[in-house]
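**Q** Compact mmCIF, C-alpha atoms and all ligand atoms, file work.txt:
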# COMPACT_ATOMS: atom_id res chain seq x y z
CA MET A 300 0.00 0.00 0.00
CA ASN A 301 1.29 3.41 -0.91
CA LEU A 302 0.57 5.47 2.20
CA SER A 303 0.91 8.79 0.44
CA GLY A 304 -2.47 10.51 0.38
CA LYS A 305 -4.22 7.71 2.29
CA ARG A 306 -6.81 8.99 4.75
CA VAL A 307 -6.30 7.36 8.12
CA LEU A 308 -8.48 7.37 11.25
CA LEU A 309 -6.41 6.25 14.23
CA THR A 310 -8.11 5.79 17.59
CA GLY A 311 -6.15 6.67 20.70
CA GLY A 312 -3.71 8.71 18.67
CA THR A 313 -3.00 11.28 21.36
CA ALA A 314 -0.42 9.27 23.31
CA GLY A 315 1.92 6.30 23.28
CA ILE A 316 1.90 3.92 20.31
CA GLY A 317 -0.99 5.74 18.65
CA ARG A 318 0.69 9.14 18.75
CA ALA A 319 3.98 7.75 17.39
CA THR A 320 2.09 5.91 14.64
CA ALA A 321 0.09 8.99 13.66
CA LEU A 322 3.32 10.98 13.32
CA GLU A 323 5.05 8.19 11.34
CA LEU A 324 2.13 7.76 8.92
CA ALA A 325 1.91 11.53 8.42
CA ARG A 326 5.67 11.60 7.74
CA ARG A 327 5.05 9.03 4.98
CA GLY A 328 2.40 11.24 3.39
CA ALA A 329 -0.86 9.98 4.90
CA ALA A 330 -3.64 12.38 5.97
CA VAL A 331 -4.16 11.35 9.58
CA THR A 332 -7.03 12.03 11.98
CA VAL A 333 -6.70 10.87 15.57
CA CYS A 334 -9.29 10.62 18.30
CA GLY A 335 -9.08 10.59 22.07
CA ARG A 336 -10.91 12.01 25.05
CA VAL A 337 -8.58 15.01 25.34
CA GLN A 338 -6.23 16.74 22.96
CA ARG A 339 -2.77 16.59 24.53
CA GLU A 340 0.52 17.83 23.01
CA PRO A 341 0.13 19.56 19.64
CA MET A 342 0.57 17.29 16.62
CA PRO A 343 1.15 19.53 13.63
CA GLY A 344 -0.63 18.44 10.45
CA ILE A 345 -2.76 15.87 12.26
CA ALA A 346 -6.49 16.40 12.79
CA PHE A 347 -8.10 15.64 16.15
CA ILE A 348 -11.67 14.57 16.91
CA ARG A 349 -12.74 14.38 20.53
CA CYS A 350 -14.39 11.02 21.24
CA ASP A 351 -14.90 8.87 24.30
CA LEU A 352 -14.91 5.39 22.83
CA ARG A 353 -16.73 4.01 25.86
CA GLU A 354 -19.86 5.77 24.57
CA GLU A 355 -21.83 4.19 21.73
CA SER A 356 -23.29 7.56 20.68
CA GLU A 357 -19.79 9.08 20.44
CA ARG A 358 -18.57 6.21 18.27
CA ILE A 359 -21.51 6.76 15.94
CA ALA A 360 -20.79 10.52 15.82
CA LEU A 361 -17.09 9.87 15.12
CA ALA A 362 -17.87 7.57 12.18
CA GLY A 363 -20.49 9.99 10.88
CA LYS A 364 -18.03 12.87 10.98
CA VAL A 365 -15.25 11.08 9.06
CA ILE A 366 -17.71 9.73 6.48
CA GLY A 367 -19.20 13.24 6.14
CA GLU A 368 -15.73 14.65 5.52
CA GLY A 369 -15.06 12.30 2.58
CA GLY A 370 -14.39 8.96 4.27
CA ILE A 371 -11.20 7.09 5.11
CA ASP A 372 -8.93 4.48 3.54
CA VAL A 373 -7.44 3.06 6.76
CA LEU A 374 -9.03 2.51 10.17
CA ILE A 375 -6.56 1.80 12.98
CA ASN A 376 -8.22 0.51 16.13
CA ASN A 377 -5.42 1.35 18.56
CA ALA A 378 -7.02 2.95 21.63
CA GLY A 379 -6.71 0.75 24.65
CA THR A 380 -6.83 0.71 28.41
CA GLN A 381 -5.58 -1.79 30.98
CA GLU A 382 -6.38 -1.87 34.67
CA PRO A 383 -4.96 -4.39 37.12
CA MET A 384 -7.77 -6.68 38.22
CA ASP A 385 -7.70 -9.28 40.95
CA PHE A 386 -10.68 -11.62 40.93
CA ALA A 387 -9.55 -12.97 44.30
CA GLY A 388 -11.19 -9.81 45.67
CA PRO A 389 -14.02 -7.50 44.58
CA VAL A 390 -13.77 -6.19 41.01
CA ALA A 391 -15.62 -3.04 40.00
CA TRP A 392 -18.00 -3.76 37.13
CA GLU A 393 -17.62 -0.19 35.82
CA VAL A 394 -13.86 -0.66 35.44
CA MET A 395 -14.35 -4.01 33.74
CA ARG A 396 -17.02 -2.61 31.47
CA ALA A 397 -14.87 0.37 30.42
CA GLU A 398 -12.07 -2.01 29.45
CA ILE A 399 -14.43 -4.13 27.35
CA GLU A 400 -15.96 -1.03 25.70
CA VAL A 401 -12.63 0.54 24.69
CA ASN A 402 -10.59 -2.58 23.89
CA LEU A 403 -13.28 -4.65 22.23
CA LEU A 404 -16.69 -3.09 21.56
CA ALA A 405 -15.23 0.09 20.05
CA PRO A 406 -13.18 -1.80 17.40
CA PHE A 407 -16.20 -4.04 16.62
CA HIS A 408 -18.53 -1.06 16.38
CA LEU A 409 -16.21 1.23 14.37
CA THR A 410 -15.50 -1.63 11.96
CA ALA A 411 -19.22 -2.17 11.40
CA LEU A 412 -19.81 1.56 10.99
CA LEU A 413 -16.88 2.25 8.64
CA LEU A 414 -16.41 -0.96 6.63
CA PRO A 415 -19.15 -0.16 4.08
CA SER A 416 -17.45 3.16 3.28
CA LEU A 417 -13.98 1.56 3.06
CA SER A 418 -15.07 -0.89 0.37
CA GLY A 419 -14.81 0.48 -3.14
CA ARG A 420 -12.10 3.06 -2.39
CA GLY A 421 -9.18 1.10 -3.85
CA GLU A 422 -6.59 -0.29 -1.46
CA THR A 423 -7.88 0.06 2.10
CA ALA A 424 -7.16 -1.51 5.49
CA ILE A 425 -8.46 -2.13 8.97
CA VAL A 426 -5.68 -2.46 11.53
CA ASN A 427 -6.39 -3.89 14.97
CA VAL A 428 -3.81 -3.48 17.73
CA THR A 429 -3.93 -6.54 19.97
CA SER A 430 -1.15 -7.80 22.25
CA ALA A 431 1.08 -10.78 22.92
CA LEU A 432 -1.19 -11.20 25.96
CA ALA A 433 -3.90 -12.33 23.50
CA PHE A 434 -2.13 -15.71 23.16
CA ALA A 435 -0.10 -15.73 26.41
CA PRO A 436 -2.31 -14.06 29.05
CA LYS A 437 -1.01 -12.68 32.33
CA ALA A 438 -2.73 -13.28 35.63
CA SER A 439 -3.18 -9.65 36.67
CA ALA A 440 -5.30 -8.47 33.70
CA PRO A 441 -7.85 -11.16 32.78
CA VAL A 442 -10.39 -8.87 31.12
CA TYR A 443 -7.74 -7.04 29.08
CA CYS A 444 -6.21 -10.34 27.91
CA ALA A 445 -9.62 -11.77 27.03
CA ALA A 446 -10.57 -8.63 25.08
CA LYS A 447 -7.33 -8.77 23.09
CA ALA A 448 -7.81 -12.50 22.38
CA ALA A 449 -11.31 -11.75 21.13
CA LEU A 450 -10.06 -8.88 18.97
CA ARG A 451 -7.47 -11.22 17.49
CA ALA A 452 -10.16 -13.79 16.63
CA PHE A 453 -12.35 -11.04 15.17
CA THR A 454 -9.48 -9.91 12.92
CA LEU A 455 -8.77 -13.46 11.72
CA SER A 456 -12.43 -14.16 11.09
CA LEU A 457 -13.00 -10.93 9.16
CA ARG A 458 -9.85 -11.49 7.10
CA GLY A 459 -11.27 -14.86 6.05
CA ARG A 460 -14.55 -13.22 5.04
CA LEU A 461 -13.00 -10.32 3.13
CA GLU A 462 -10.18 -12.28 1.48
CA GLY A 463 -9.68 -11.37 -2.17
CA GLY A 464 -11.36 -7.97 -1.75
CA SER A 465 -9.85 -4.52 -1.41
CA VAL A 466 -10.03 -4.27 2.41
CA HIS A 467 -6.92 -5.68 4.05
CA LEU A 468 -7.23 -6.91 7.67
CA VAL A 469 -4.11 -6.40 9.75
CA GLU A 470 -3.26 -7.39 13.31
CA VAL A 471 -0.50 -5.58 15.20
CA VAL A 472 1.06 -7.42 18.14
CA PRO A 473 3.32 -5.09 20.14
CA PRO A 474 5.63 -6.32 22.90
CA LEU A 475 6.00 -4.38 26.17
CA VAL A 476 6.20 -0.73 25.07
CA GLU A 477 7.28 2.39 26.98
CA THR A 478 3.96 4.28 27.24
CA GLY A 479 1.55 5.60 29.83
CA MET A 480 -0.06 2.17 29.96
CA THR A 481 3.13 0.52 31.23
CA ARG A 482 4.39 3.37 33.44
CA GLY A 483 5.98 2.00 36.60
CA ARG A 484 6.21 -1.51 35.21
CA SER A 485 9.60 -3.21 35.16
CA GLY A 486 11.07 -5.06 32.18
CA ARG A 487 12.80 -4.09 28.96
CA LYS A 488 10.45 -1.91 26.95
CA THR A 489 10.38 -1.15 23.24
CA SER A 490 9.92 2.44 22.11
CA PRO A 491 6.56 3.49 20.62
CA GLU A 492 8.49 4.84 17.61
CA ARG A 493 9.78 1.34 16.83
CA VAL A 494 6.23 -0.03 16.89
CA ALA A 495 5.08 2.89 14.72
CA ARG A 496 7.72 2.16 12.08
CA ALA A 497 6.75 -1.53 12.10
CA ILE A 498 3.07 -0.61 11.58
CA ALA A 499 3.87 1.74 8.69
CA ASP A 500 6.25 -0.79 7.08
CA GLY A 501 3.71 -3.59 7.58
CA LEU A 502 0.98 -1.55 5.87
CA GLU A 503 3.28 -0.68 2.98
CA PHE A 504 4.23 -4.35 2.51
CA ARG A 505 0.62 -5.55 3.01
CA LYS A 506 1.48 -7.81 5.95
CA ASN A 507 -1.39 -9.62 7.67
CA GLU A 508 0.35 -9.73 11.05
CA ILE A 509 2.83 -7.24 12.41
CA LEU A 510 4.62 -8.88 15.33
CA VAL A 511 7.08 -6.46 16.88
CA GLY A 512 10.31 -7.30 18.76
CA LYS A 513 9.84 -9.75 21.61
CA ALA A 514 6.23 -10.43 20.57
CA ARG A 515 7.65 -12.30 17.57
CA LEU A 516 9.82 -14.46 19.85
CA LEU A 517 6.92 -15.14 22.20
CA TRP A 518 4.73 -16.16 19.25
CA ALA A 519 7.43 -18.63 18.13
CA ILE A 520 7.59 -20.07 21.67
CA HIS A 521 3.78 -20.24 21.80
CA ARG A 522 3.69 -22.22 18.54
CA LEU A 523 6.17 -24.76 19.93
CA SER A 524 4.71 -24.87 23.44
CA PRO A 525 1.61 -22.84 24.41
CA GLY A 526 2.17 -23.90 28.04
CA LEU A 527 5.69 -22.53 28.09
CA ALA A 528 4.60 -19.18 26.59
CA ALA A 529 1.73 -18.95 29.09
CA GLY A 530 4.13 -19.76 31.93
CA LEU A 531 6.54 -17.05 30.84
CA MET A 532 3.80 -14.40 30.75
CA LYS A 533 1.66 -15.47 33.73
CA ASN A 534 3.34 -13.07 36.13
CA ALA A 535 4.50 -10.47 33.58
N1 LIG B 1 2.13 -0.36 25.95
C1 LIG B 1 2.26 -1.67 25.78
O1 LIG B 1 3.17 -2.32 26.33
C2 LIG B 1 1.30 -2.41 24.87
C3 LIG B 1 1.59 -3.75 24.59
C4 LIG B 1 0.74 -4.45 23.76
C5 LIG B 1 -0.39 -3.83 23.24
N2 LIG B 1 -0.64 -2.53 23.54
C6 LIG B 1 -1.83 -1.91 22.95
O2 LIG B 1 -1.44 -0.80 22.17
C7 LIG B 1 -2.49 0.16 22.14
C8 LIG B 1 -1.95 1.52 22.56
O3 LIG B 1 -1.48 1.41 23.90
P1 LIG B 1 -0.48 2.47 24.56
O4 LIG B 1 0.45 1.71 25.39
O5 LIG B 1 0.02 3.38 23.52
O6 LIG B 1 -1.49 3.21 25.54
P2 LIG B 1 -1.49 4.72 26.13
O7 LIG B 1 -0.16 5.34 26.01
O8 LIG B 1 -2.12 4.60 27.46
O9 LIG B 1 -2.48 5.46 25.12
C9 LIG B 1 -3.80 5.04 25.02
C10 LIG B 1 -4.53 5.87 23.99
O10 LIG B 1 -5.90 5.40 23.96
C11 LIG B 1 -6.76 6.51 24.21
N3 LIG B 1 -7.93 6.11 24.97
C12 LIG B 1 -7.98 5.45 26.15
N4 LIG B 1 -9.25 5.38 26.56
C13 LIG B 1 -10.00 6.00 25.63
C14 LIG B 1 -11.39 6.27 25.50
N5 LIG B 1 -12.28 5.89 26.43
N6 LIG B 1 -11.81 6.93 24.41
C15 LIG B 1 -10.94 7.35 23.47
N7 LIG B 1 -9.63 7.13 23.54
C16 LIG B 1 -9.17 6.46 24.60
C17 LIG B 1 -5.91 7.50 25.01
O11 LIG B 1 -6.39 8.83 24.84
P3 LIG B 1 -7.22 9.61 26.01
O12 LIG B 1 -6.75 9.05 27.32
O13 LIG B 1 -6.90 11.02 25.78
O14 LIG B 1 -8.64 9.31 25.72
C18 LIG B 1 -4.55 7.35 24.33
O15 LIG B 1 -4.48 8.12 23.15
C19 LIG B 1 -3.57 -0.37 23.07
O16 LIG B 1 -4.56 -1.04 22.33
C20 LIG B 1 -2.82 -1.36 23.95
O17 LIG B 1 -3.68 -2.34 24.46
C21 LIG B 1 0.17 -1.81 24.35
Write out the structure in this file as structure tokens.
**A**
Amino acid sequence: MNLSGKRVLLTGGTAGIGRATALELARRGAAVTVCGRVQREPMPGIAFIRCDLREESERIALAGKVIGEGGIDVLINNAGTQEPMDFAGPVAWEVMRAEIEVNLLAPFHLTALLLPSLSGRGETAIVNVTSALAFAPKASAPVYCAAKAALRAFTLSLRGRLEGGSVHLVEVVPPLVETGMTRGRSGRKTSPERVARAIADGLEFRKNEILVGKARLLWAIHRLSPGLAAGLMKNA
């Protein structure tokens, strides 16, 4: 895919992996719009739409706005949130629900809202950002891991359905990345810029799966021994 001139909607593009990816895609000539709940540092040349992805009505308004402004060629479902959750004690339903809304229902809903307008525009793509935790879950974030596993299955299923058409389904599997989400967590972290370059390269080369850094190694371990991969990540 030639990214030059492609119109991209990237959710959660105000921070972390999303912000770095928005800047990288814009550098390669794409016209990028990001959404988030608040506009943070200025991102020259990148449009911002305020949207709380937990809210169904806001997701509908977001899709309506981008379609009304001429539509998009690439949807990147990147926004995500992760809260530690311990089911050995009480777990707040509101926290759980917010995680499911942002990590899972928003990508499902935005895909349904925007897919009809993506078809028929030439080379287009839907990119879903999952996690290595989708296939090797950790014990401290069961709802997050389950949402990512479901998003992975959704991506695979949709790719099967849309195979041969113009809409390319892509899954991005980042490793542990230095962002707000992982602040305070130990372990060697990849930079968001590295993930951003991998996403842009992967789109250009029409990759189905973009496994970055240690996520690639973990996937190889998982294919040889799912139990070993799960054991390595259980207390990550
Ligand atoms: N960091 C890692 O190690 C890692 C590893 C694997 C996968 N991932 C995945 O990569 C993606 C990006 O993560 P990150 O680490 O870059 O996270 P981050 O730095 O915390 O950024 C999250 C982004 O999502 C947006 N967001 C969160 N809740 C939202 C809501 N309700 N409505 C709209 N936007 C919302 C945030 O914007 P506002 O807060 O302004 O709304 C922000 O732009 C996520 O899907 C995450 O699960 C991350």
**Q** For the atom pair atom C10 of ligand LIG 1 (chain B) and atom CA of Phe386 of chain A, what is the interatomic distance in Å to one decimal place?
**A**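 Distance between the two atoms: 25.1 Å.
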**Q** Under the rule that all atoms listed in the file are counted, which of A:Thr332, A:Asn301, A:Asn376, A:Gln381 is the nearest residue to Asn427 of chain A?
**A**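 Using all atoms listed in the file, Asn427 of chain A sits closest to A:Asn376.
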**Q** What does the structure give for the distance between atom O1 of ligand LIG 1 (chain B) and atom CA of Ser439 of chain A, in Å to one decimal?
**A** 14.2 Å
**Q** What residues of the protein or nucleic acid chains come within 9 Å of ligand LIG 1 (chain B) when you use all atoms listed in the file? Reply as a ChimeraX atom specification.
**A** /A:310-319,333-339,349-354,376-381,397-398,400-402,405,427-432,443,447,471-482,488-489,491,514
**Q** Please provide as a VMD selection string all residues within 12 Å of Arg505 of chain A, with the sequence filter that same-chain residues fewer than 3 positions apart are discarded (counting all atoms listed in the file).
**A** chain A and resid 300 to 302 422 to 426 465 to 470 497 to 502 508 to 509
**Q** Could you save those same residues with C-alpha atoms as a PDB file, in the coordinates of the input?
**A**
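Writing done, so here's result-v1.pdb:
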ATOM      1  CA  MET A 300       0.000   0.000   0.000  1.00  0.00           C
ATOM      2  CA  ASN A 301       1.290   3.410  -0.910  1.00  0.00           C
ATOM      3  CA  LEU A 302       0.570   5.470   2.200  1.00  0.00           C
ATOM      4  CA  GLU A 422      -6.590  -0.290  -1.460  1.00  0.00           C
ATOM      5  CA  THR A 423      -7.880   0.060   2.100  1.00  0.00           C
ATOM      6  CA  ALA A 424      -7.160  -1.510   5.490  1.00  0.00           C
ATOM      7  CA  ILE A 425      -8.460  -2.130   8.970  1.00  0.00           C
ATOM      8  CA  VAL A 426      -5.680  -2.460  11.530  1.00  0.00           C
ATOM      9  CA  SER A 465      -9.850  -4.520  -1.410  1.00  0.00           C
ATOM     10  CA  VAL A 466     -10.030  -4.270   2.410  1.00  0.00           C
ATOM     11  CA  HIS A 467      -6.920  -5.680   4.050  1.00  0.00           C
ATOM     12  CA  LEU A 468      -7.230  -6.910   7.670  1.00  0.00           C
ATOM     13  CA  VAL A 469      -4.110  -6.400   9.750  1.00  0.00           C
ATOM     14  CA  GLU A 470      -3.260  -7.390  13.310  1.00  0.00           C
ATOM     15  CA  ALA A 497       6.750  -1.530  12.100  1.00  0.00           C
ATOM     16  CA  ILE A 498       3.070  -0.610  11.580  1.00  0.00           C
ATOM     17  CA  ALA A 499       3.870   1.740   8.690  1.00  0.00           C
ATOM     18  CA  ASP A 500       6.250  -0.790   7.080  1.00  0.00           C
ATOM     19  CA  GLY A 501       3.710  -3.590   7.580  1.00  0.00           C
ATOM     20  CA  LEU A 502       0.980  -1.550   5.870  1.00  0.00           C
ATOM     21  CA  GLU A 508       0.350  -9.730  11.050  1.00  0.00           C
ATOM     22  CA  ILE A 509       2.830  -7.240  12.410  1.00  0.00           C
TER      23      ILE A 509
END
**Q** What lies within 7 Å of Val307 of chain A using only C-alpha atoms, ignoring chain neighbours under 6 positions off, as a PyMOL selection string?
**A** chain A and resi 329-332+371-374
**Q** Kindly write all heavy atoms of segment 489-500 of chain A from the structure just given to a file, as a PDB file, in the first residue's frame.
**A**
ATOM      1  N   THR A 489      10.116  -1.652  24.593  1.00  0.00           N
ATOM      2  CA  THR A 489      10.378  -1.154  23.242  1.00  0.00           C
ATOM      3  C   THR A 489       9.852   0.280  23.154  1.00  0.00           C
ATOM      4  O   THR A 489       8.921   0.646  23.865  1.00  0.00           O
ATOM      5  CB  THR A 489       9.624  -2.046  22.231  1.00  0.00           C
ATOM      6  OG1 THR A 489      10.085  -3.372  22.398  1.00  0.00           O
ATOM      7  CG2 THR A 489       9.824  -1.615  20.805  1.00  0.00           C
ATOM      8  N   SER A 490      10.426   1.059  22.246  1.00  0.00           N
ATOM      9  CA  SER A 490       9.924   2.436  22.106  1.00  0.00           C
ATOM     10  C   SER A 490       8.667   2.446  21.223  1.00  0.00           C
ATOM     11  O   SER A 490       8.535   1.624  20.308  1.00  0.00           O
ATOM     12  CB  SER A 490      10.995   3.326  21.473  1.00  0.00           C
ATOM     13  OG  SER A 490      11.109   3.031  20.100  1.00  0.00           O
ATOM     14  N   PRO A 491       7.750   3.389  21.481  1.00  0.00           N
ATOM     15  CA  PRO A 491       6.562   3.494  20.623  1.00  0.00           C
ATOM     16  C   PRO A 491       6.943   3.800  19.178  1.00  0.00           C
ATOM     17  O   PRO A 491       6.268   3.361  18.253  1.00  0.00           O
ATOM     18  CB  PRO A 491       5.775   4.674  21.223  1.00  0.00           C
ATOM     19  CG  PRO A 491       6.423   5.035  22.492  1.00  0.00           C
ATOM     20  CD  PRO A 491       7.735   4.331  22.605  1.00  0.00           C
ATOM     21  N   GLU A 492       8.064   4.498  18.981  1.00  0.00           N
ATOM     22  CA  GLU A 492       8.493   4.838  17.614  1.00  0.00           C
ATOM     23  C   GLU A 492       8.844   3.566  16.831  1.00  0.00           C
ATOM     24  O   GLU A 492       8.580   3.476  15.641  1.00  0.00           O
ATOM     25  CB  GLU A 492       9.696   5.789  17.652  1.00  0.00           C
ATOM     26  CG  GLU A 492       9.357   7.207  18.106  1.00  0.00           C
ATOM     27  CD  GLU A 492       9.087   7.318  19.607  1.00  0.00           C
ATOM     28  OE1 GLU A 492       9.566   6.442  20.372  1.00  0.00           O
ATOM     29  OE2 GLU A 492       8.394   8.263  20.027  1.00  0.00           O
ATOM     30  N   ARG A 493       9.431   2.587  17.524  1.00  0.00           N
ATOM     31  CA  ARG A 493       9.780   1.336  16.827  1.00  0.00           C
ATOM     32  C   ARG A 493       8.501   0.617  16.375  1.00  0.00           C
ATOM     33  O   ARG A 493       8.427   0.081  15.271  1.00  0.00           O
ATOM     34  CB  ARG A 493      10.616   0.435  17.750  1.00  0.00           C
ATOM     35  CG  ARG A 493      10.964  -0.846  17.075  1.00  0.00           C
ATOM     36  CD  ARG A 493      11.955  -1.684  17.835  1.00  0.00           C
ATOM     37  NE  ARG A 493      12.143  -2.950  17.122  1.00  0.00           N
ATOM     38  CZ  ARG A 493      12.542  -4.061  17.687  1.00  0.00           C
ATOM     39  NH1 ARG A 493      12.828  -4.087  18.967  1.00  0.00           N
ATOM     40  NH2 ARG A 493      12.672  -5.170  16.997  1.00  0.00           N
ATOM     41  N   VAL A 494       7.504   0.608  17.253  1.00  0.00           N
ATOM     42  CA  VAL A 494       6.230  -0.034  16.893  1.00  0.00           C
ATOM     43  C   VAL A 494       5.586   0.732  15.732  1.00  0.00           C
ATOM     44  O   VAL A 494       5.068   0.130  14.780  1.00  0.00           O
ATOM     45  CB  VAL A 494       5.274  -0.078  18.111  1.00  0.00           C
ATOM     46  CG1 VAL A 494       3.968  -0.763  17.740  1.00  0.00           C
ATOM     47  CG2 VAL A 494       5.932  -0.785  19.291  1.00  0.00           C
ATOM     48  N   ALA A 495       5.671   2.051  15.780  1.00  0.00           N
ATOM     49  CA  ALA A 495       5.076   2.886  14.725  1.00  0.00           C
ATOM     50  C   ALA A 495       5.712   2.586  13.367  1.00  0.00           C
ATOM     51  O   ALA A 495       5.010   2.441  12.361  1.00  0.00           O
ATOM     52  CB  ALA A 495       5.252   4.366  15.071  1.00  0.00           C
ATOM     53  N   ARG A 496       7.033   2.457  13.347  1.00  0.00           N
ATOM     54  CA  ARG A 496       7.716   2.156  12.076  1.00  0.00           C
ATOM     55  C   ARG A 496       7.288   0.781  11.566  1.00  0.00           C
ATOM     56  O   ARG A 496       7.065   0.590  10.374  1.00  0.00           O
ATOM     57  CB  ARG A 496       9.241   2.207  12.262  1.00  0.00           C
ATOM     58  CG  ARG A 496       9.796   3.630  12.355  1.00  0.00           C
ATOM     59  CD  ARG A 496      11.310   3.631  12.200  1.00  0.00           C
ATOM     60  NE  ARG A 496      11.998   2.896  13.258  1.00  0.00           N
ATOM     61  CZ  ARG A 496      12.317   3.406  14.458  1.00  0.00           C
ATOM     62  NH1 ARG A 496      12.033   4.669  14.730  1.00  0.00           N
ATOM     63  NH2 ARG A 496      12.930   2.667  15.369  1.00  0.00           N
ATOM     64  N   ALA A 497       7.163  -0.172  12.501  1.00  0.00           N
ATOM     65  CA  ALA A 497       6.748  -1.530  12.101  1.00  0.00           C
ATOM     66  C   ALA A 497       5.332  -1.507  11.517  1.00  0.00           C
ATOM     67  O   ALA A 497       5.040  -2.208  10.538  1.00  0.00           O
ATOM     68  CB  ALA A 497       6.819  -2.474  13.308  1.00  0.00           C
ATOM     69  N   ILE A 498       4.453  -0.698  12.104  1.00  0.00           N
ATOM     70  CA  ILE A 498       3.072  -0.612  11.582  1.00  0.00           C
ATOM     71  C   ILE A 498       3.080  -0.004  10.178  1.00  0.00           C
ATOM     72  O   ILE A 498       2.451  -0.531   9.249  1.00  0.00           O
ATOM     73  CB  ILE A 498       2.170   0.218  12.538  1.00  0.00           C
ATOM     74  CG1 ILE A 498       1.983  -0.532  13.868  1.00  0.00           C
ATOM     75  CG2 ILE A 498       0.820   0.521  11.887  1.00  0.00           C
ATOM     76  CD1 ILE A 498       1.229   0.246  14.946  1.00  0.00           C
ATOM     77  N   ALA A 499       3.822   1.087  10.006  1.00  0.00           N
ATOM     78  CA  ALA A 499       3.866   1.741   8.689  1.00  0.00           C
ATOM     79  C   ALA A 499       4.494   0.815   7.642  1.00  0.00           C
ATOM     80  O   ALA A 499       3.968   0.667   6.533  1.00  0.00           O
ATOM     81  CB  ALA A 499       4.632   3.065   8.800  1.00  0.00           C
ATOM     82  N   ASP A 500       5.605   0.148   8.011  1.00  0.00           N
ATOM     83  CA  ASP A 500       6.249  -0.793   7.085  1.00  0.00           C
ATOM     84  C   ASP A 500       5.278  -1.937   6.748  1.00  0.00           C
ATOM     85  O   ASP A 500       5.146  -2.335   5.597  1.00  0.00           O
ATOM     86  CB  ASP A 500       7.513  -1.417   7.700  1.00  0.00           C
ATOM     87  CG  ASP A 500       8.655  -0.411   7.836  1.00  0.00           C
ATOM     88  OD1 ASP A 500       8.573   0.680   7.236  1.00  0.00           O
ATOM     89  OD2 ASP A 500       9.635  -0.738   8.549  1.00  0.00           O
TER      90      ASP A 500
END
